[in-house]
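Raw contents of entry07.pdb, PDB, C-alpha atoms:
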```
MODEL        1
ATOM      1  CA  MET A 489      23.376 119.695-163.723  1.00  0.00           C
ATOM      2  CA  GLY A 490      21.604 121.232-166.749  1.00  0.00           C
ATOM      3  CA  ALA A 491      24.662 123.306-167.721  1.00  0.00           C
ATOM      4  CA  LEU A 492      26.893 120.243-167.516  1.00  0.00           C
ATOM      5  CA  TRP A 493      24.518 118.258-169.737  1.00  0.00           C
ATOM      6  CA  LEU A 494      24.328 121.130-172.249  1.00  0.00           C
ATOM      7  CA  GLY A 495      28.119 121.413-172.313  1.00  0.00           C
ATOM      8  CA  ARG A 496      28.462 117.672-172.881  1.00  0.00           C
ATOM      9  CA  ARG A 497      25.883 117.828-175.671  1.00  0.00           C
ATOM     10  CA  ARG A 498      27.803 120.642-177.389  1.00  0.00           C
ATOM     11  CA  LEU A 499      31.041 118.662-177.101  1.00  0.00           C
ATOM     12  CA  ARG A 500      29.349 115.614-178.609  1.00  0.00           C
ATOM     13  CA  GLU A 501      28.080 117.697-181.541  1.00  0.00           C
ATOM     14  CA  ARG A 502      31.543 119.196-182.016  1.00  0.00           C
ATOM     15  CA  TYR A 503      33.103 115.725-182.194  1.00  0.00           C
ATOM     16  CA  LEU A 504      30.399 114.408-184.539  1.00  0.00           C
ATOM     17  CA  THR A 505      30.919 117.426-186.813  1.00  0.00           C
ATOM     18  CA  LEU A 506      34.653 116.723-186.843  1.00  0.00           C
ATOM     19  CA  ALA A 507      34.009 113.056-187.695  1.00  0.00           C
ATOM     20  CA  ARG A 508      31.867 114.148-190.659  1.00  0.00           C
ATOM     21  CA  ARG A 509      34.528 116.654-191.753  1.00  0.00           C
ATOM     22  CA  LEU A 510      37.171 113.920-191.668  1.00  0.00           C
ATOM     23  CA  GLY A 511      34.907 111.479-193.516  1.00  0.00           C
ATOM     24  CA  ILE A 512      35.239 108.790-190.867  1.00  0.00           C
ATOM     25  CA  ASP A 513      31.493 108.474-190.269  1.00  0.00           C
ATOM     26  CA  ARG A 514      30.721 107.031-193.689  1.00  0.00           C
ATOM     27  CA  GLU A 515      30.159 103.456-194.837  1.00  0.00           C
ATOM     28  CA  THR A 516      28.328 100.938-192.614  1.00  0.00           C
ATOM     29  CA  THR A 517      28.284 102.271-189.066  1.00  0.00           C
ATOM     30  CA  ILE A 518      27.961  99.676-186.306  1.00  0.00           C
ATOM     31  CA  SER A 519      28.070 102.046-183.322  1.00  0.00           C
ATOM     32  CA  VAL A 520      28.799 105.621-182.284  1.00  0.00           C
ATOM     33  CA  ASN A 521      29.617 106.313-178.631  1.00  0.00           C
ATOM     34  CA  PHE A 522      30.543 109.566-176.942  1.00  0.00           C
ATOM     35  CA  SER A 523      31.968 109.656-173.442  1.00  0.00           C
ATOM     36  CA  GLY A 524      33.560 112.225-171.217  1.00  0.00           C
ATOM     37  CA  GLY A 525      32.987 115.920-171.008  1.00  0.00           C
ATOM     38  CA  GLY A 526      32.817 117.854-167.766  1.00  0.00           C
ATOM     39  CA  LEU A 527      35.909 116.796-165.850  1.00  0.00           C
ATOM     40  CA  ALA A 528      36.700 113.805-168.087  1.00  0.00           C
ATOM     41  CA  THR A 529      38.441 113.973-171.464  1.00  0.00           C
ATOM     42  CA  PRO A 530      35.829 113.737-174.235  1.00  0.00           C
ATOM     43  CA  GLN A 531      36.092 110.804-176.650  1.00  0.00           C
ATOM     44  CA  LEU A 532      34.089 109.750-179.663  1.00  0.00           C
ATOM     45  CA  ALA A 533      34.318 106.122-180.821  1.00  0.00           C
ATOM     46  CA  ILE A 534      32.916 105.032-184.178  1.00  0.00           C
ATOM     47  CA  VAL A 535      32.877 101.366-185.191  1.00  0.00           C
ATOM     48  CA  SER A 536      32.210 100.705-188.870  1.00  0.00           C
ATOM     49  CA  LEU A 537      32.684  98.325-191.785  1.00  0.00           C
ATOM     50  CA  TRP A 538      34.264  99.632-194.978  1.00  0.00           C
ATOM     51  CA  PRO A 539      34.387  97.751-198.286  1.00  0.00           C
ATOM     52  CA  GLY A 540      37.833  96.786-199.523  1.00  0.00           C
ATOM     53  CA  THR A 541      41.119  95.393-198.288  1.00  0.00           C
ATOM     54  CA  PRO A 542      42.747  96.857-195.192  1.00  0.00           C
ATOM     55  CA  GLU A 543      45.484  98.359-197.403  1.00  0.00           C
ATOM     56  CA  ALA A 544      42.962 100.146-199.640  1.00  0.00           C
ATOM     57  CA  VAL A 545      40.883 101.326-196.681  1.00  0.00           C
ATOM     58  CA  VAL A 546      43.926 102.722-194.835  1.00  0.00           C
ATOM     59  CA  GLU A 547      44.858 104.614-198.011  1.00  0.00           C
ATOM     60  CA  SER A 548      41.320 105.976-198.234  1.00  0.00           C
ATOM     61  CA  ILE A 549      41.296 107.084-194.584  1.00  0.00           C
ATOM     62  CA  THR A 550      44.664 108.812-194.930  1.00  0.00           C
ATOM     63  CA  ALA A 551      43.486 110.631-198.071  1.00  0.00           C
ATOM     64  CA  SER A 552      40.282 111.651-196.288  1.00  0.00           C
ATOM     65  CA  VAL A 553      41.831 113.118-193.118  1.00  0.00           C
ATOM     66  CA  SER A 554      44.932 114.717-194.663  1.00  0.00           C
ATOM     67  CA  PRO A 555      43.132 117.764-196.156  1.00  0.00           C
ATOM     68  CA  ALA A 556      41.955 118.643-192.620  1.00  0.00           C
ATOM     69  CA  GLY A 557      45.591 118.836-191.516  1.00  0.00           C
ATOM     70  CA  TYR A 558      45.843 115.436-189.827  1.00  0.00           C
ATOM     71  CA  THR A 559      49.217 113.729-190.331  1.00  0.00           C
ATOM     72  CA  VAL A 560      50.314 110.145-189.668  1.00  0.00           C
ATOM     73  CA  LEU A 561      52.013 109.884-186.292  1.00  0.00           C
ATOM     74  CA  ASN A 562      52.327 106.091-186.105  1.00  0.00           C
ATOM     75  CA  PRO A 563      51.998 104.271-189.425  1.00  0.00           C
ATOM     76  CA  TRP A 564      49.962 101.113-189.835  1.00  0.00           C
ATOM     77  CA  LEU A 565      51.902  97.839-189.767  1.00  0.00           C
ATOM     78  CA  PRO A 566      50.021  95.366-192.015  1.00  0.00           C
ATOM     79  CA  GLU A 567      51.645  92.354-190.343  1.00  0.00           C
ATOM     80  CA  ALA A 568      50.124  93.179-186.917  1.00  0.00           C
ATOM     81  CA  PRO A 569      47.144  91.002-185.890  1.00  0.00           C
ATOM     82  CA  VAL A 570      45.085  94.146-185.293  1.00  0.00           C
ATOM     83  CA  GLY A 571      46.367  97.170-187.139  1.00  0.00           C
ATOM     84  CA  ARG A 572      46.810 100.460-185.345  1.00  0.00           C
ATOM     85  CA  LEU A 573      47.113 103.822-187.054  1.00  0.00           C
ATOM     86  CA  THR A 574      47.479 107.160-185.270  1.00  0.00           C
ATOM     87  CA  PHE A 575      47.092 110.633-186.745  1.00  0.00           C
ATOM     88  CA  ARG A 576      48.328 113.859-185.182  1.00  0.00           C
ATOM     89  CA  ALA A 577      45.813 116.701-185.142  1.00  0.00           C
ATOM     90  CA  PRO A 578      46.733 119.954-186.872  1.00  0.00           C
ATOM     91  CA  PRO A 579      48.618 122.225-184.468  1.00  0.00           C
ATOM     92  CA  GLY A 580      46.920 125.213-182.906  1.00  0.00           C
ATOM     93  CA  GLU A 581      43.317 124.185-183.607  1.00  0.00           C
ATOM     94  CA  GLY A 582      42.541 122.400-180.335  1.00  0.00           C
ATOM     95  CA  LEU A 583      41.445 119.236-182.140  1.00  0.00           C
ATOM     96  CA  PRO A 584      41.896 115.729-180.733  1.00  0.00           C
ATOM     97  CA  PRO A 585      44.239 113.175-182.298  1.00  0.00           C
ATOM     98  CA  LEU A 586      42.678 110.338-184.315  1.00  0.00           C
ATOM     99  CA  GLY A 587      43.321 106.692-183.552  1.00  0.00           C
ATOM    100  CA  VAL A 588      42.198 103.846-185.797  1.00  0.00           C
ATOM    101  CA  LEU A 589      42.139 100.111-185.086  1.00  0.00           C
ATOM    102  CA  ILE A 590      42.016  98.027-188.272  1.00  0.00           C
ATOM    103  CA  TYR A 591      40.452  94.548-188.438  1.00  0.00           C
ATOM    104  CA  GLY A 592      40.707  92.248-191.443  1.00  0.00           C
ATOM    105  CA  PRO A 593      38.159  89.742-192.730  1.00  0.00           C
ATOM    106  CA  GLY A 594      37.327  87.029-190.189  1.00  0.00           C
ATOM    107  CA  GLN A 595      38.402  89.091-187.168  1.00  0.00           C
ATOM    108  CA  THR A 596      35.984  90.146-184.436  1.00  0.00           C
ATOM    109  CA  ILE A 597      35.952  93.888-183.760  1.00  0.00           C
ATOM    110  CA  GLN A 598      36.925  94.501-180.142  1.00  0.00           C
ATOM    111  CA  GLY A 599      33.986  95.391-177.909  1.00  0.00           C
ATOM    112  CA  THR A 600      31.425  94.024-180.371  1.00  0.00           C
ATOM    113  CA  ASP A 601      30.256  90.656-181.592  1.00  0.00           C
ATOM    114  CA  VAL A 602      30.772  91.730-185.222  1.00  0.00           C
ATOM    115  CA  VAL A 603      32.967  89.465-187.335  1.00  0.00           C
ATOM    116  CA  VAL A 604      34.383  91.308-190.343  1.00  0.00           C
ATOM    117  CA  PRO A 605      32.980  89.764-193.537  1.00  0.00           C
ATOM    118  CA  PRO A 606      35.087  88.912-196.615  1.00  0.00           C
ATOM    119  CA  ALA A 607      36.214  91.809-198.834  1.00  0.00           C
ATOM    120  CA  THR A 608      35.569  94.204-195.936  1.00  0.00           C
ATOM    121  CA  THR A 609      37.641  95.991-193.303  1.00  0.00           C
ATOM    122  CA  GLY A 610      36.458  96.642-189.757  1.00  0.00           C
ATOM    123  CA  LEU A 611      37.437  99.917-188.146  1.00  0.00           C
ATOM    124  CA  ARG A 612      37.296 101.453-184.680  1.00  0.00           C
ATOM    125  CA  PHE A 613      37.912 105.201-184.843  1.00  0.00           C
ATOM    126  CA  GLN A 614      38.719 107.138-181.681  1.00  0.00           C
ATOM    127  CA  LEU A 615      38.703 110.928-181.520  1.00  0.00           C
TER     128      LEU A 615
ENDMDL
END
```

Structure re-expressed in structure tokens:
Amino acid sequence: MGALWLGRRRLRERYLTLARRLGIDRETTISVNFSGGGLATPQLAIVSLWPGTPEAVVESITASVSPAGYTVLNPWLPEAPVGRLTFRAPPGEGLPPLGVLIYGPGQTIQGTDVVVPPATTGLRFQL
């Protein structure tokens, strides 16, 4: 049991380090949740509020993760009620893909009771 817990803790730290490297842990963080490890696929979810329009925030995210080798797999469609953006991890590094759900002002972020304020974008990152 102790080895499993230690392994899960190391995985969590690895994912948190990756989130910092990608710059997705900045701005106003609402929640950070890690699940999985052991026999389950590890996942890190970060819910945050970023200042600016969804368009500007998506641009900022793309510019932030691109230097780490992440490339857009599925582009964001601004006309969707909840935007979805997916990045492919750099090949050969064993890194997870990055998914982003994008919420505009007035929308409630899924899984929370947070309503996105004006001039702000709500985000749910998933590594």

Give me the result of the PyMOL selection byres ((chain A and resi 560) around 12) on this file, residue by residue, as an MDAnalysis selection string. chainID A and resid 546:547 549:551 553:554 557:559 561:564 572:578 585:588

For this file, the PyMOL selection byres ((chain A and resi 535) around 6) selects which residues, as number ranges by chain? A: 518-519, 534, 536, 611-612

Keeping only C-alpha atoms, take the residues you just selected and write them out as a PDB file, in the frame of the given file.
```pdb
ATOM      1  CA  ILE A 518      27.961  99.676-186.306  1.00  0.00           C
ATOM      2  CA  SER A 519      28.070 102.046-183.322  1.00  0.00           C
ATOM      3  CA  ILE A 534      32.916 105.032-184.178  1.00  0.00           C
ATOM      4  CA  SER A 536      32.210 100.705-188.870  1.00  0.00           C
ATOM      5  CA  LEU A 611      37.437  99.917-188.146  1.00  0.00           C
ATOM      6  CA  ARG A 612      37.296 101.453-184.680  1.00  0.00           C
TER       7      ARG A 612
END
```

At a cut-off of 12 Å, using all atoms listed in the file, what residues contact A:Thr529? Leave out same-chain residues fewer than 6 positions from it and give the result as a PyMOL selection string. chain A and resi 496+499-500+522-523+584+615

How would you write, as a list in words, the residues chosen by the PyMOL selection byres ((chain A and resi 594-609) around 10) on this structure? Ile518, Ser519, Val535, Ser536, Leu537, Trp538, Pro539, Gly540, Thr541, Pro542, Glu543, Ala544, Val545, Val546, Pro569, Val570, Leu589, Ile590, Tyr591, Gly592, Pro593, Gly610, Leu611 and Arg612 of chain A

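For the pair atom CA of A:Ala507 and atom CA of A:Leu532, the separation is 8.7 Å.
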
Copy stretch 545-574 of chain A out of the block into a file, keeping N, CA and C atoms, as a compact mmCIF listing (two decimals), in the first residue's frame.
```
# COMPACT_ATOMS: atom_id res chain seq x y z
N VAL A 545 -7.57 34.47 -24.62
CA VAL A 545 -7.07 33.44 -23.70
C VAL A 545 -6.62 32.20 -24.47
N VAL A 546 -7.39 31.78 -25.47
CA VAL A 546 -7.00 30.63 -26.29
C VAL A 546 -5.66 30.91 -26.98
N GLU A 547 -5.50 32.11 -27.49
CA GLU A 547 -4.22 32.51 -28.10
C GLU A 547 -3.08 32.40 -27.10
N SER A 548 -3.32 32.88 -25.89
CA SER A 548 -2.32 32.85 -24.83
C SER A 548 -1.95 31.42 -24.45
N ILE A 549 -2.94 30.56 -24.33
CA ILE A 549 -2.69 29.15 -23.99
C ILE A 549 -1.86 28.49 -25.08
N THR A 550 -2.25 28.70 -26.33
CA THR A 550 -1.53 28.09 -27.46
C THR A 550 -0.08 28.56 -27.47
N ALA A 551 0.14 29.85 -27.25
CA ALA A 551 1.51 30.39 -27.21
C ALA A 551 2.30 29.83 -26.04
N SER A 552 1.62 29.51 -24.95
CA SER A 552 2.28 29.01 -23.75
C SER A 552 2.69 27.54 -23.88
N VAL A 553 1.86 26.72 -24.51
CA VAL A 553 2.16 25.28 -24.58
C VAL A 553 2.97 24.89 -25.81
N SER A 554 2.98 25.72 -26.83
CA SER A 554 3.70 25.40 -28.07
C SER A 554 5.21 25.21 -27.88
N PRO A 555 5.90 26.05 -27.09
CA PRO A 555 7.34 25.85 -26.91
C PRO A 555 7.69 24.49 -26.28
N ALA A 556 6.75 23.88 -25.57
CA ALA A 556 6.99 22.57 -24.97
C ALA A 556 6.72 21.44 -25.96
N GLY A 557 6.37 21.79 -27.19
CA GLY A 557 6.15 20.79 -28.22
C GLY A 557 4.71 20.35 -28.41
N TYR A 558 3.79 20.95 -27.66
CA TYR A 558 2.37 20.62 -27.82
C TYR A 558 1.82 21.31 -29.06
N THR A 559 1.05 20.55 -29.86
CA THR A 559 0.46 21.10 -31.08
C THR A 559 -1.05 20.91 -31.05
N VAL A 560 -1.77 21.82 -31.70
CA VAL A 560 -3.23 21.75 -31.73
C VAL A 560 -3.66 20.52 -32.51
N LEU A 561 -4.47 19.69 -31.88
CA LEU A 561 -5.03 18.51 -32.52
C LEU A 561 -6.43 18.82 -33.03
N ASN A 562 -7.25 19.40 -32.15
CA ASN A 562 -8.60 19.82 -32.51
C ASN A 562 -8.74 21.30 -32.16
N PRO A 563 -8.87 22.15 -33.17
CA PRO A 563 -8.95 23.59 -32.88
C PRO A 563 -10.26 23.97 -32.18
N TRP A 564 -10.19 25.09 -31.50
CA TRP A 564 -11.34 25.64 -30.79
C TRP A 564 -12.32 26.23 -31.79
N LEU A 565 -13.61 25.96 -31.59
CA LEU A 565 -14.66 26.53 -32.42
C LEU A 565 -15.40 27.56 -31.57
N PRO A 566 -15.17 28.87 -31.81
CA PRO A 566 -15.76 29.91 -30.97
C PRO A 566 -17.28 29.88 -30.90
N GLU A 567 -17.93 29.32 -31.91
CA GLU A 567 -19.40 29.33 -31.92
C GLU A 567 -20.00 28.23 -31.04
N ALA A 568 -19.19 27.30 -30.54
CA ALA A 568 -19.70 26.23 -29.67
C ALA A 568 -20.09 26.80 -28.31
N PRO A 569 -21.17 26.28 -27.70
CA PRO A 569 -21.59 26.78 -26.38
C PRO A 569 -20.47 26.68 -25.34
N VAL A 570 -19.81 25.55 -25.31
CA VAL A 570 -18.62 25.38 -24.47
C VAL A 570 -17.50 24.98 -25.42
N GLY A 571 -16.46 25.82 -25.46
CA GLY A 571 -15.37 25.54 -26.37
C GLY A 571 -14.55 24.36 -25.92
N ARG A 572 -13.97 23.67 -26.88
CA ARG A 572 -13.13 22.52 -26.60
C ARG A 572 -11.89 22.63 -27.48
N LEU A 573 -10.74 22.51 -26.85
CA LEU A 573 -9.46 22.62 -27.55
C LEU A 573 -8.61 21.45 -27.09
N THR A 574 -7.99 20.74 -28.03
CA THR A 574 -7.16 19.59 -27.70
C THR A 574 -5.78 19.77 -28.31
```
